[in-house]
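**Student:** Supplied structure: target39.cif, mmCIF, C-alpha atoms.
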data_target
loop_
_atom_site.label_atom_id
_atom_site.label_comp_id
_atom_site.auth_asym_id
_atom_site.auth_seq_id
_atom_site.Cartn_x
_atom_site.Cartn_y
_atom_site.Cartn_z
CA MET A 1 14.42 -18.33 10.86
CA LYS A 2 10.70 -17.99 11.58
CA VAL A 3 9.02 -14.82 10.28
CA LEU A 4 5.76 -13.27 11.44
CA VAL A 5 3.71 -11.18 8.98
CA ILE A 6 0.97 -9.01 10.45
CA GLY A 7 -2.17 -8.37 8.41
CA SER A 8 -4.86 -10.09 6.38
CA GLY A 9 -4.91 -8.64 2.85
CA GLY A 10 -3.41 -9.19 -0.56
CA ARG A 11 -0.36 -7.19 0.43
CA GLU A 12 0.31 -9.52 3.36
CA HIS A 13 -0.17 -12.62 1.19
CA ALA A 14 2.40 -11.21 -1.24
CA MET A 15 4.78 -10.38 1.63
CA ALA A 16 4.46 -13.89 3.07
CA TRP A 17 4.95 -15.44 -0.39
CA LYS A 18 8.11 -13.42 -1.01
CA LEU A 19 9.54 -13.99 2.47
CA ALA A 20 8.91 -17.73 2.10
CA GLN A 21 11.31 -17.68 -0.87
CA SER A 22 14.19 -16.45 1.32
CA SER A 23 17.10 -18.78 1.91
CA VAL A 24 17.14 -17.80 5.59
CA VAL A 25 13.42 -18.35 6.29
CA SER A 26 12.18 -21.74 7.54
CA GLU A 27 8.54 -20.83 8.22
CA VAL A 28 6.17 -17.89 7.80
CA VAL A 29 3.28 -17.20 10.17
CA VAL A 30 0.60 -14.68 9.18
CA ALA A 31 -1.58 -13.02 11.81
CA PRO A 32 -4.47 -13.21 11.08
CA GLY A 33 -3.94 -14.05 7.40
CA ASN A 34 -6.69 -15.11 5.01
CA GLY A 35 -7.91 -18.02 2.91
CA GLY A 36 -4.71 -18.08 0.88
CA THR A 37 -1.98 -17.74 3.50
CA SER A 38 -1.49 -21.40 4.35
CA TRP A 39 0.65 -23.79 2.32
CA PRO A 40 3.12 -26.64 2.93
CA ALA A 41 6.84 -26.36 2.36
CA GLN A 42 7.76 -27.01 -1.26
CA ASP A 43 10.68 -26.48 -3.62
CA GLY A 44 12.10 -23.02 -2.94
CA LEU A 45 9.21 -22.01 -0.67
CA ALA A 46 9.04 -22.27 3.12
CA SER A 47 5.76 -23.32 4.71
CA CYS A 48 3.19 -20.73 5.76
CA ARG A 49 0.24 -20.81 8.13
CA SER A 50 -2.25 -18.38 9.62
CA VAL A 51 -3.04 -17.73 13.28
CA PRO A 52 -6.03 -15.82 14.70
CA ALA A 53 -5.23 -12.22 15.63
CA ASN A 54 -6.56 -8.69 15.87
CA VAL A 55 -4.23 -6.22 14.15
CA GLU A 56 -5.26 -3.48 16.61
CA ASP A 57 -4.34 -5.60 19.65
CA ILE A 58 -0.65 -4.75 20.07
CA ASP A 59 -0.23 -6.79 23.26
CA GLY A 60 -1.88 -9.78 21.60
CA LEU A 61 0.39 -9.52 18.55
CA LEU A 62 3.44 -9.25 20.79
CA ALA A 63 2.32 -12.40 22.63
CA ILE A 64 1.98 -14.24 19.30
CA ALA A 65 5.49 -13.20 18.23
CA GLN A 66 6.93 -14.39 21.54
CA LYS A 67 4.99 -17.65 21.53
CA GLU A 68 5.99 -18.43 17.95
CA GLY A 69 9.62 -17.44 18.50
CA ALA A 70 9.54 -15.06 15.54
CA GLU A 71 13.01 -13.74 14.74
CA LEU A 72 11.62 -11.15 12.34
CA THR A 73 8.22 -9.46 12.18
CA ALA A 74 7.00 -7.56 9.13
CA VAL A 75 4.01 -5.24 9.49
CA GLY A 76 1.57 -4.95 6.60
CA PRO A 77 -1.24 -2.51 7.51
CA GLU A 78 -1.03 1.07 8.73
CA VAL A 79 -3.19 0.79 11.85
CA PRO A 80 -0.79 -1.23 14.06
CA LEU A 81 2.04 1.10 13.00
CA SER A 82 -0.01 4.11 14.08
CA LEU A 83 -0.70 2.36 17.41
CA GLY A 84 3.01 1.90 18.13
CA ILE A 85 3.57 -1.79 17.42
CA VAL A 86 7.20 -1.17 16.43
CA ASP A 87 7.92 0.61 19.72
CA ALA A 88 6.30 -2.23 21.69
CA PHE A 89 8.25 -4.96 19.88
CA GLN A 90 11.53 -3.07 20.19
CA ALA A 91 10.93 -2.64 23.93
CA ALA A 92 10.61 -6.44 24.10
CA CYS A 93 13.90 -6.81 22.15
CA LEU A 94 12.20 -8.28 19.07
CA LYS A 95 13.25 -7.44 15.52
CA ILE A 96 10.41 -5.75 13.63
CA PHE A 97 10.38 -4.08 10.22
CA GLY A 98 8.47 -0.82 10.16
CA PRO A 99 8.57 2.78 11.40
CA SER A 100 8.04 3.89 14.98
CA GLN A 101 4.73 5.44 16.05
CA MET A 102 6.21 8.93 15.77
CA ALA A 103 7.66 8.27 12.31
CA ALA A 104 4.38 6.69 11.16
CA GLN A 105 2.70 10.07 11.57
CA LEU A 106 3.78 10.67 7.97
CA GLU A 107 0.77 8.52 7.12
CA SER A 108 -1.47 8.62 10.19
CA SER A 109 -1.74 12.44 10.03
CA LYS A 110 -1.97 14.13 6.65
CA ALA A 111 -1.66 17.48 8.40
CA TYR A 112 1.63 16.37 10.01
CA SER A 113 2.82 15.07 6.65
CA LYS A 114 2.00 18.28 4.79
CA ASP A 115 3.64 20.45 7.46
CA PHE A 116 6.71 18.20 7.31
CA MET A 117 6.93 18.49 3.52
CA ALA A 118 6.61 22.27 3.72
CA GLU A 119 9.39 22.46 6.32
CA MET A 120 11.73 20.18 4.36
CA GLY A 121 11.09 21.82 0.99
CA ILE A 122 9.63 18.63 -0.49
CA PRO A 123 7.56 19.47 -3.58
CA THR A 124 3.83 19.16 -2.87
CA ALA A 125 0.52 20.92 -3.50
CA GLU A 126 -0.58 24.12 -1.77
CA TYR A 127 -2.72 23.28 1.25
CA GLY A 128 -4.43 24.30 4.45
CA ALA A 129 -5.15 22.10 7.50
CA PHE A 130 -8.16 22.76 9.73
CA THR A 131 -9.88 21.46 12.83
CA ASP A 132 -12.50 24.24 12.68
CA LYS A 133 -15.15 24.03 9.96
CA ALA A 134 -15.66 27.79 9.73
CA GLU A 135 -11.94 28.34 9.17
CA ALA A 136 -11.93 25.65 6.48
CA LEU A 137 -14.82 27.32 4.64
CA THR A 138 -13.14 30.73 4.94
CA TYR A 139 -10.00 29.25 3.38
CA LEU A 140 -12.07 27.84 0.51
CA ASP A 141 -13.53 31.31 -0.08
CA SER A 142 -10.04 32.79 -0.25
CA ILE A 143 -8.69 30.58 -3.07
CA ASP A 144 -9.63 30.32 -6.73
CA HIS A 145 -8.20 26.92 -7.70
CA LEU A 146 -9.85 23.49 -7.61
CA VAL A 147 -9.16 21.37 -4.55
CA VAL A 148 -9.28 17.92 -3.04
CA VAL A 149 -10.50 17.53 0.53
CA LYS A 150 -8.78 14.89 2.65
CA ALA A 151 -9.49 13.43 6.07
CA SER A 152 -6.25 13.95 7.98
CA GLY A 153 -6.46 10.64 9.84
CA LEU A 154 -6.43 7.05 8.62
CA ALA A 155 -9.39 6.19 6.40
CA ALA A 156 -8.31 2.94 4.69
CA GLY A 157 -7.25 4.79 1.55
CA LYS A 158 -10.74 6.20 0.97
CA GLY A 159 -10.67 9.52 2.85
CA VAL A 160 -10.17 11.73 -0.22
CA ILE A 161 -12.88 13.66 -2.08
CA VAL A 162 -11.93 15.18 -5.44
CA CYS A 163 -13.98 18.34 -6.02
CA ASP A 164 -14.98 19.92 -9.34
CA ASN A 165 -16.12 23.23 -7.85
CA LYS A 166 -16.25 25.24 -4.63
CA GLU A 167 -19.74 23.99 -3.72
CA GLN A 168 -18.56 20.38 -3.84
CA ALA A 169 -15.56 21.29 -1.69
CA MET A 170 -17.77 22.92 0.94
CA ALA A 171 -20.05 19.88 0.92
CA ALA A 172 -17.01 17.60 1.33
CA VAL A 173 -15.87 19.55 4.39
CA ALA A 174 -19.35 19.23 5.88
CA GLU A 175 -19.46 15.48 5.13
CA MET A 176 -16.20 14.95 6.99
CA MET A 177 -16.53 17.37 9.89
CA ASP A 178 -20.30 17.34 10.52
CA ASP A 179 -21.56 14.03 9.13
CA LYS A 180 -18.44 12.10 10.20
CA ARG A 181 -18.29 10.20 6.89
CA PHE A 182 -14.82 8.95 7.80
CA GLY A 183 -15.30 8.94 11.55
CA ALA A 184 -12.62 10.50 13.73
CA ALA A 185 -10.24 10.55 10.73
CA GLY A 186 -12.15 13.61 9.49
CA ASP A 187 -11.95 15.63 12.71
CA GLN A 188 -9.13 17.49 10.97
CA VAL A 189 -9.26 18.09 7.23
CA VAL A 190 -6.59 19.00 4.71
CA ILE A 191 -7.67 21.09 1.73
CA GLU A 192 -5.18 20.74 -1.11
CA GLU A 193 -4.74 22.27 -4.50
CA ARG A 194 -6.05 19.81 -7.07
CA LEU A 195 -3.16 18.72 -9.25
CA THR A 196 -3.29 17.20 -12.71
CA GLY A 197 -1.10 14.59 -14.38
CA PRO A 198 -0.36 10.86 -14.25
CA GLU A 199 0.47 9.31 -10.89
CA LEU A 200 3.45 7.23 -9.82
CA SER A 201 4.07 5.05 -6.77
CA LEU A 202 7.62 4.69 -5.50
CA LEU A 203 8.41 2.40 -2.58
CA ALA A 204 11.78 2.66 -0.88
CA ILE A 205 13.37 0.59 1.87
CA CYS A 206 14.88 2.81 4.56
CA ASP A 207 17.15 2.21 7.56
CA GLY A 208 17.07 5.68 9.13
CA LYS A 209 19.91 6.99 6.97
CA THR A 210 19.92 5.19 3.63
CA ALA A 211 17.02 4.73 1.21
CA LYS A 212 16.96 2.18 -1.61
CA GLN A 213 14.20 2.18 -4.19
CA LEU A 214 12.15 -0.79 -5.25
CA ILE A 215 10.72 -0.92 -8.76
CA HIS A 216 8.29 1.93 -9.41
CA SER A 217 4.64 1.24 -10.15
CA ARG A 218 1.24 2.78 -10.85
CA ASP A 219 -2.09 1.80 -9.35
CA HIS A 220 -5.69 2.45 -10.36
CA LYS A 221 -7.82 3.91 -7.55
CA ARG A 222 -11.17 4.40 -9.29
CA ALA A 223 -13.67 1.54 -9.25
CA TYR A 224 -14.59 1.47 -12.93
CA ASP A 225 -12.97 1.45 -16.35
CA GLY A 226 -11.87 4.82 -17.66
CA ASP A 227 -10.93 5.95 -14.14
CA LEU A 228 -14.58 6.51 -13.32
CA GLY A 229 -16.55 5.85 -10.15
CA PRO A 230 -15.62 6.17 -6.49
CA ASN A 231 -12.13 5.85 -5.06
CA THR A 232 -11.20 2.40 -3.78
CA GLY A 233 -8.22 0.87 -2.04
CA GLY A 234 -6.90 0.08 -5.54
CA MET A 235 -8.27 -2.01 -8.42
CA GLY A 236 -4.99 -2.97 -10.06
CA ALA A 237 -1.38 -1.96 -10.60
CA TYR A 238 1.60 -2.50 -12.85
CA ALA A 239 5.38 -2.15 -12.65
CA PRO A 240 7.41 -0.56 -13.99
CA VAL A 241 5.63 2.32 -15.77
CA PRO A 242 7.15 2.18 -19.28
CA GLU A 243 6.98 5.90 -20.02
CA VAL A 244 8.66 6.92 -16.76
CA GLY A 245 12.40 7.10 -17.24
CA PRO A 246 15.23 6.63 -14.72
CA GLU A 247 15.78 10.41 -14.50
CA VAL A 248 12.30 10.85 -13.00
CA ILE A 249 12.90 8.14 -10.41
CA ALA A 250 16.27 9.69 -9.53
CA GLU A 251 14.53 13.05 -9.05
CA VAL A 252 11.93 11.52 -6.72
CA MET A 253 14.67 9.87 -4.67
CA GLU A 254 16.69 13.11 -4.52
CA LYS A 255 13.87 15.57 -3.85
CA VAL A 256 11.32 13.48 -1.96
CA VAL A 257 12.55 10.22 -0.45
CA GLN A 258 16.03 11.09 0.83
CA PRO A 259 14.92 14.49 2.25
CA THR A 260 12.18 12.63 4.11
CA VAL A 261 14.64 10.16 5.62
CA ASP A 262 17.03 13.01 6.50
CA GLY A 263 14.22 15.16 7.89
CA MET A 264 12.80 12.44 10.13
CA ALA A 265 16.30 11.73 11.47
CA LYS A 266 16.68 15.45 12.15
CA ARG A 267 13.43 15.39 14.12
CA GLY A 268 14.74 12.51 16.21
CA HIS A 269 12.47 9.89 14.66
CA PRO A 270 14.67 7.86 12.27
CA TYR A 271 12.56 6.30 9.55
CA VAL A 272 13.03 2.53 9.29
CA GLY A 273 10.79 0.45 7.03
CA VAL A 274 9.08 1.01 3.71
CA LEU A 275 8.36 4.57 2.66
CA TYR A 276 5.70 4.84 -0.03
CA ALA A 277 5.73 8.11 -1.93
CA GLY A 278 2.64 8.85 -4.01
CA ILE A 279 3.78 11.20 -6.76
CA MET A 280 1.94 13.17 -9.42
CA LEU A 281 3.82 14.07 -12.58
CA THR A 282 2.37 17.54 -13.15
CA PRO A 283 3.13 20.01 -15.96
CA ASN A 284 5.12 21.91 -13.29
CA GLY A 285 7.20 18.93 -12.22
CA ILE A 286 6.89 16.21 -9.60
CA LYS A 287 4.57 16.82 -6.64
CA THR A 288 4.14 14.60 -3.59
CA LEU A 289 0.54 13.58 -3.02
CA GLU A 290 1.02 11.53 0.12
CA PHE A 291 3.23 9.23 2.11
CA ASN A 292 2.34 5.75 3.27
CA CYS A 293 4.48 4.10 5.92
CA ARG A 294 4.19 0.52 4.65
CA PHE A 295 3.93 -1.49 1.47
CA GLY A 296 1.09 -0.29 -0.76
CA ASP A 297 -1.83 -2.45 -1.79
CA PRO A 298 -2.10 -3.52 -4.63
CA GLU A 299 1.36 -2.18 -5.57
CA THR A 300 3.01 -4.83 -3.41
CA GLN A 301 1.48 -7.53 -5.59
CA VAL A 302 3.56 -6.28 -8.55
CA VAL A 303 6.60 -4.84 -6.78
CA LEU A 304 7.52 -8.00 -4.84
CA PRO A 305 7.22 -10.41 -7.80
CA MET A 306 9.71 -8.13 -9.58
CA LEU A 307 12.15 -8.13 -6.64
CA LYS A 308 15.15 -10.36 -7.33
CA SER A 309 16.89 -9.77 -3.99
CA ASP A 310 16.10 -11.62 -0.75
CA LEU A 311 13.35 -9.67 1.05
CA ALA A 312 14.15 -11.06 4.50
CA GLU A 313 17.82 -10.10 4.14
CA ILE A 314 16.83 -6.59 3.05
CA MET A 315 14.48 -6.15 6.01
CA LEU A 316 17.11 -7.34 8.47
CA ALA A 317 19.69 -4.99 6.95
CA ALA A 318 17.28 -2.07 7.32
CA ILE A 319 16.56 -2.93 10.96
CA ASP A 320 20.28 -3.21 11.70
CA GLY A 321 21.15 0.08 9.94
CA ARG A 322 23.34 -1.56 7.28
CA LEU A 323 21.19 -1.10 4.19
CA ASP A 324 24.12 0.50 2.39
CA GLN A 325 25.81 -2.92 2.44
CA VAL A 326 23.14 -4.86 0.53
CA LYS A 327 22.02 -4.82 -3.09
CA VAL A 328 18.38 -4.29 -4.00
CA GLU A 329 17.93 -5.77 -7.47
CA ASN A 330 14.89 -6.37 -9.66
CA HIS A 331 14.05 -8.89 -12.36
CA ALA A 332 13.85 -7.67 -15.94
CA GLY A 333 10.41 -7.37 -17.51
CA SER A 334 7.05 -6.29 -16.11
CA ALA A 335 4.33 -7.31 -13.68
CA ALA A 336 0.64 -6.45 -13.63
CA THR A 337 -2.10 -7.26 -11.12
CA VAL A 338 -5.86 -7.09 -11.53
CA VAL A 339 -8.13 -6.98 -8.48
CA MET A 340 -11.30 -9.04 -8.42
CA ALA A 341 -13.76 -7.30 -6.12
CA SER A 342 -17.15 -8.08 -4.63
CA GLY A 343 -20.09 -6.59 -6.51
CA GLY A 344 -20.92 -3.20 -5.01
CA TYR A 345 -17.43 -2.46 -3.68
CA PRO A 346 -16.42 0.11 -2.37
CA GLY A 347 -20.03 0.44 -1.20
CA SER A 348 -22.05 -2.35 0.39
CA TYR A 349 -21.45 -5.91 -0.81
CA THR A 350 -22.31 -9.49 0.09
CA LYS A 351 -19.81 -11.81 1.76
CA GLY A 352 -19.60 -15.59 1.78
CA MET A 353 -19.62 -16.19 -1.99
CA ALA A 354 -17.90 -19.46 -2.94
CA ILE A 355 -14.79 -18.99 -5.12
CA SER A 356 -14.10 -21.54 -7.86
CA GLY A 357 -11.32 -22.05 -10.37
CA LEU A 358 -8.36 -21.15 -8.17
CA ASP A 359 -6.64 -24.44 -8.94
CA GLY A 360 -7.00 -23.79 -12.67
CA VAL A 361 -4.85 -20.66 -12.75
CA ALA A 362 -1.56 -21.31 -14.52
CA GLY A 363 1.07 -18.75 -15.49
CA ALA A 364 -0.18 -16.19 -12.97
CA THR A 365 -0.06 -15.83 -9.19
CA VAL A 366 -3.26 -15.34 -7.18
CA PHE A 367 -2.87 -13.29 -4.02
CA HIS A 368 -5.81 -13.57 -1.64
CA ALA A 369 -7.17 -10.43 0.03
CA GLY A 370 -10.79 -10.67 1.21
CA THR A 371 -11.08 -14.46 1.49
CA LYS A 372 -11.50 -17.03 4.24
CA MET A 373 -11.89 -20.78 4.56
CA ALA A 374 -15.41 -21.90 5.49
CA ASP A 375 -16.40 -25.58 5.68
CA GLY A 376 -13.49 -26.56 3.45
CA GLN A 377 -14.34 -23.98 0.79
CA ILE A 378 -12.64 -20.63 0.12
CA VAL A 379 -15.27 -17.88 0.16
CA THR A 380 -15.29 -14.10 -0.14
CA SER A 381 -14.95 -12.10 3.07
CA GLY A 382 -14.15 -8.56 1.90
CA GLY A 383 -14.47 -5.94 -0.81
CA ARG A 384 -11.25 -6.61 -2.65
CA VAL A 385 -11.21 -10.41 -2.87
CA LEU A 386 -8.26 -11.45 -5.03
CA ALA A 387 -5.33 -9.86 -6.88
CA VAL A 388 -4.25 -11.87 -9.92
CA THR A 389 -0.67 -11.05 -10.93
CA GLY A 390 1.01 -11.83 -14.22
CA THR A 391 4.61 -11.27 -15.26
CA GLY A 392 6.25 -11.10 -18.67
CA ASP A 393 8.98 -9.61 -20.80
CA ASN A 394 6.88 -6.46 -21.20
CA LEU A 395 3.71 -4.88 -19.85
CA GLN A 396 1.41 -6.37 -22.50
CA GLN A 397 2.62 -9.89 -21.73
CA ALA A 398 2.14 -9.30 -18.00
CA LEU A 399 -1.39 -7.99 -18.55
CA ASP A 400 -2.27 -10.90 -20.85
CA SER A 401 -1.13 -13.33 -18.17
CA ALA A 402 -3.10 -11.57 -15.42
CA TYR A 403 -6.33 -11.38 -17.42
CA LEU A 404 -5.99 -14.99 -18.52
CA GLY A 405 -5.81 -15.89 -14.84
CA ILE A 406 -8.86 -13.75 -14.09
CA LYS A 407 -10.89 -15.76 -16.64
CA LYS A 408 -10.19 -18.97 -14.72
CA VAL A 409 -11.58 -17.72 -11.38
CA ASN A 410 -15.20 -17.09 -10.56
CA PHE A 411 -17.48 -16.01 -7.73
CA ASP A 412 -20.96 -14.53 -7.80
CA LYS A 413 -21.11 -10.82 -8.73
CA ALA A 414 -17.34 -10.54 -9.18
CA GLU A 415 -16.19 -7.21 -10.62
CA PHE A 416 -12.86 -6.11 -12.07
CA ARG A 417 -11.50 -3.41 -14.31
CA THR A 418 -10.64 -4.39 -17.88
CA ASP A 419 -8.29 -1.47 -18.57
CA ILE A 420 -5.44 -1.87 -16.09
CA GLY A 421 -2.25 -0.49 -17.67
CA GLN A 422 -3.94 0.56 -20.89
CA SER A 423 -2.88 4.20 -20.65
CA SER A 424 0.77 3.11 -20.68
CA ILE A 425 0.17 0.64 -23.52
CA GLU A 426 -1.37 3.44 -25.59
CA ASN A 427 1.54 5.77 -24.80
CA GLN A 428 4.18 3.31 -26.00
#
Represent the structure contained in this file as structure tokens.

**Tutor:**
Amino acid sequence: MKVLVIGSGGREHAMAWKLAQSSVVSEVVVAPGNGGTSWPAQDGLASCRSVPANVEDIDGLLAIAQKEGAELTAVGPEVPLSLGIVDAFQAACLKIFGPSQMAAQLESSKAYSKDFMAEMGIPTAEYGAFTDKAEALTYLDSIDHLVVVKASGLAAGKGVIVCDNKEQAMAAVAEMMDDKRFGAAGDQVVIEERLTGPELSLLAICDGKTAKQLIHSRDHKRAYDGDLGPNTGGMGAYAPVPEVGPEVIAEVMEKVVQPTVDGMAKRGHPYVGVLYAGIMLTPNGIKTLEFNCRFGDPETQVVLPMLKSDLAEIMLAAIDGRLDQVKVENHAGSAATVVMASGGYPGSYTKGMAISGLDGVAGATVFHAGTKMADGQIVTSGGRVLAVTGTGDNLQQALDSAYLGIKKVNFDKAEFRTDIGQSSIENQ
């Protein structure tokens, strides 16, 4: 079976790598892919290659799937989901793993998501959603708790401003609604109660009725050590979180994930694909921060290496509505990934830096994100360049493996956090 993966980041490299391990997959094609998504067939791994594509061109992606004869398509990024790629592929009688355009509103509109959670009784922070700036400022005047201000639309994981006082919150509203810091994504803003506590990422495979959890994880959003600096798309992750017990995961499945699947079915938009629940473990219990409608990045780079089951078989079962008939099992141990980023990220940064040492990494897996091939050399082409993933019997072993891999790779002005997973190590 030939599989098409849509996207170009570290998440898509990890998806292609895992799908290539499937016993039913003969070849993986990644559109558009990156500098790491091409390899020959080898023991236990199907071949993979990249093809040029624009992830916002739904007709073009459909033409690629038809030309390649893809029997399964897996969507990585959120934008094509929000543009209705699943609906278009289904209309052409092609199997595709991901939610419909209507179901993907759980991510593409934070206002929709918050209203949905309120209706379904899913635990989340107090909030208000506004398209009028004056109304937003009036709401801020009426509350006495700290807030975060979020662009309601898609903003590549960066459309959140955490505010320490009311003045900062008012400035954040102005930045989004007047200055268009996040473009059209900020035409509507969500003002949420600022919660406190450690975060948790839980990804579940859904078929419209049944939801099955993958291993839980935690990512690091801030750019610098100590959780300082601006928010990024994610600077590292690890799985599982040692101090989070099975009772917490069961509670998230019972109170967040399954009610979401049931609620979307009730609305007539069955949720099929990966549901990512961002959870905060507050002093008052679990609270849902957000939903993503696809694999997270960089969580995917630790979740999929821990997955023991066949990913292609799981995706097909979800598409066919028979997820209750398959087992979703994980390997024992831990995984950790550390992101190597371009100097200056998430602000301005230079592209085209030559990357050396990739062939010298042993005992860890390097997932490419912002890379491309230029004149026979892999060079940087984005903010988050590589995700180096280590595995081990425990978190410390996984981290040691990842950081050992990081030491082997080099490009000019590379930056990475040195404290991924340390909070959990200290809590053990």

**Student:** When the PyMOL selection byres ((chain A and resi 235-251) around 9) is applied to the structure above, which residues does it catch, written out as a PyMOL selection string?

**Tutor:** chain A and resi 200+202+213+215-224+232-234+252-256+286+297-303+306+333-341+384+387-388+394-395+398-399+416-417+420-421+424-425+427-428

**Student:** Mind pulling up the distance from atom CA of Ser108 of chain A to atom CA of Asp178 of chain A?

**Tutor:**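 Separation of atom CA of Asp178 of chain A and atom CA of Ser108 of chain A: 20.8 Å.
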
**Student:** Between atom CA of Tyr112 of chain A and atom CA of Arg11 of chain A, what is the spacing in Å?

**Tutor:** 25.5 Å

**Student:** Measuring atom to atom with all atoms listed in the file, identify which of A:Asn54, A:Asn410, A:Ser109, A:Gln377 is nearest to Ala31 of chain A.

**Tutor:** A:Asn54

**Student:** Give me the result of the PyMOL selection byres ((chain A and resi 360-369) around 8) on this file, residue by residue, as a PyMOL selection string.

**Tutor:** chain A and resi 8-11+13-14+34-37+301+357-359+370-371+382+384-391+401-402+405+408-409

**Student:** Of the candidates A:Met177, A:Cys48, A:Ile314, A:Ile205, which shows the shortest atom-to-atom distance to Val272 of chain A, using all atoms listed in the file?

**Tutor:**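 Of A:Met177, A:Cys48, A:Ile314, A:Ile205, the one nearest Val272 of chain A is A:Ile205, counting all atoms listed in the file.
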
**Student:** What's the 12 Å shell around Glu313 of chain A, counting all atoms listed in the file, without same-chain residues fewer than 2 positions away, as a PyMOL selection string?

**Tutor:** chain A and resi 1+3+18-25+72+97+205+308-311+315-320+322-323+325-328

**Student:** Which of these residues is nearest to Lys150 of chain A, using all atoms listed in the file: A:Val75, A:Ile191, A:Ala88, A:Val30?

**Tutor:**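 Closest residue, counting all atoms listed in the file: A:Ile191.
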
**Student:** Starting from the displayed file, determine the output of the PyMOL selection byres ((chain A and resi 164) around 10) and express the residue list as an mmCIF file with C-alpha atoms, in the coordinates of the input.

**Tutor:**
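So the final result, stored in result13.cif, reads:
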data_model
loop_
_atom_site.group_PDB
_atom_site.id
_atom_site.type_symbol
_atom_site.label_atom_id
_atom_site.label_comp_id
_atom_site.auth_asym_id
_atom_site.auth_seq_id
_atom_site.Cartn_x
_atom_site.Cartn_y
_atom_site.Cartn_z
ATOM 1 C CA HIS A 145 -8.200 26.920 -7.700
ATOM 2 C CA LEU A 146 -9.850 23.490 -7.610
ATOM 3 C CA VAL A 147 -9.160 21.370 -4.550
ATOM 4 C CA VAL A 148 -9.280 17.920 -3.040
ATOM 5 C CA ILE A 161 -12.880 13.660 -2.080
ATOM 6 C CA VAL A 162 -11.930 15.180 -5.440
ATOM 7 C CA CYS A 163 -13.980 18.340 -6.020
ATOM 8 C CA ASN A 165 -16.120 23.230 -7.850
ATOM 9 C CA LYS A 166 -16.250 25.240 -4.630
ATOM 10 C CA GLU A 167 -19.740 23.990 -3.720
ATOM 11 C CA GLN A 168 -18.560 20.380 -3.840
ATOM 12 C CA ALA A 169 -15.560 21.290 -1.690
ATOM 13 C CA ARG A 194 -6.050 19.810 -7.070
#

**Student:** Between A:Val55, A:Ala414, A:Val274, A:Leu289, which residue has the minimum interatomic distance to Gly98 of chain A, considering all atoms listed in the file?

**Tutor:**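 Closest to Gly98 of chain A, using all atoms listed in the file: A:Val274.
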
**Student:** Using all atoms listed in the file for the distances, tell me which of A:Ala265, A:Val51, A:Ala354, A:Cys206 is nearest to Met120 of chain A.

**Tutor:**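 Among the listed residues, the smallest separation from Met120 of chain A belongs to A:Ala265.
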
**Student:** May I ask for the distance between atom CA of Pro270 of chain A and atom CA of Gln90 of chain A, given in Å to one decimal place?

**Tutor:**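 Straight-line distance from atom CA of Pro270 of chain A to atom CA of Gln90 of chain A works out to 13.9 Å.
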
**Student:** Could you list, as a PyMOL selection string, every residue within 8 Å of Phe130 of chain A, counting all atoms listed in the file and ignoring same-chain residues fewer than 4 positions away?

**Tutor:** chain A and resi 135-136+188-190

**Student:** Looking at all atoms listed in the file, which of A:Lys158, A:Lys287, A:Arg181, A:Lys95 is the one that sits closest to Leu4 of chain A?

**Tutor:**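 Among the listed residues, A:Lys95 lies closest to Leu4 of chain A.
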
**Student:** Excluding same-chain residues fewer than 4 positions from Cys293 of chain A, what lies within 8 Å of it counting only C-alpha atoms, as a PyMOL selection string?

**Tutor:** chain A and resi 78+98-99+104+106-107+273-276

**Student:** Any chance you could export the current selection's C-alpha atoms as a compact mmCIF listing (two decimals), in the coordinates of the input?

**Tutor:**
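For reference, out.txt as written:
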# COMPACT_ATOMS: atom_id res chain seq x y z
CA GLU A 78 -1.03 1.07 8.73
CA GLY A 98 8.47 -0.82 10.16
CA PRO A 99 8.57 2.78 11.40
CA ALA A 104 4.38 6.69 11.16
CA LEU A 106 3.78 10.67 7.97
CA GLU A 107 0.77 8.52 7.12
CA GLY A 273 10.79 0.45 7.03
CA VAL A 274 9.08 1.01 3.71
CA LEU A 275 8.36 4.57 2.66
CA TYR A 276 5.70 4.84 -0.03
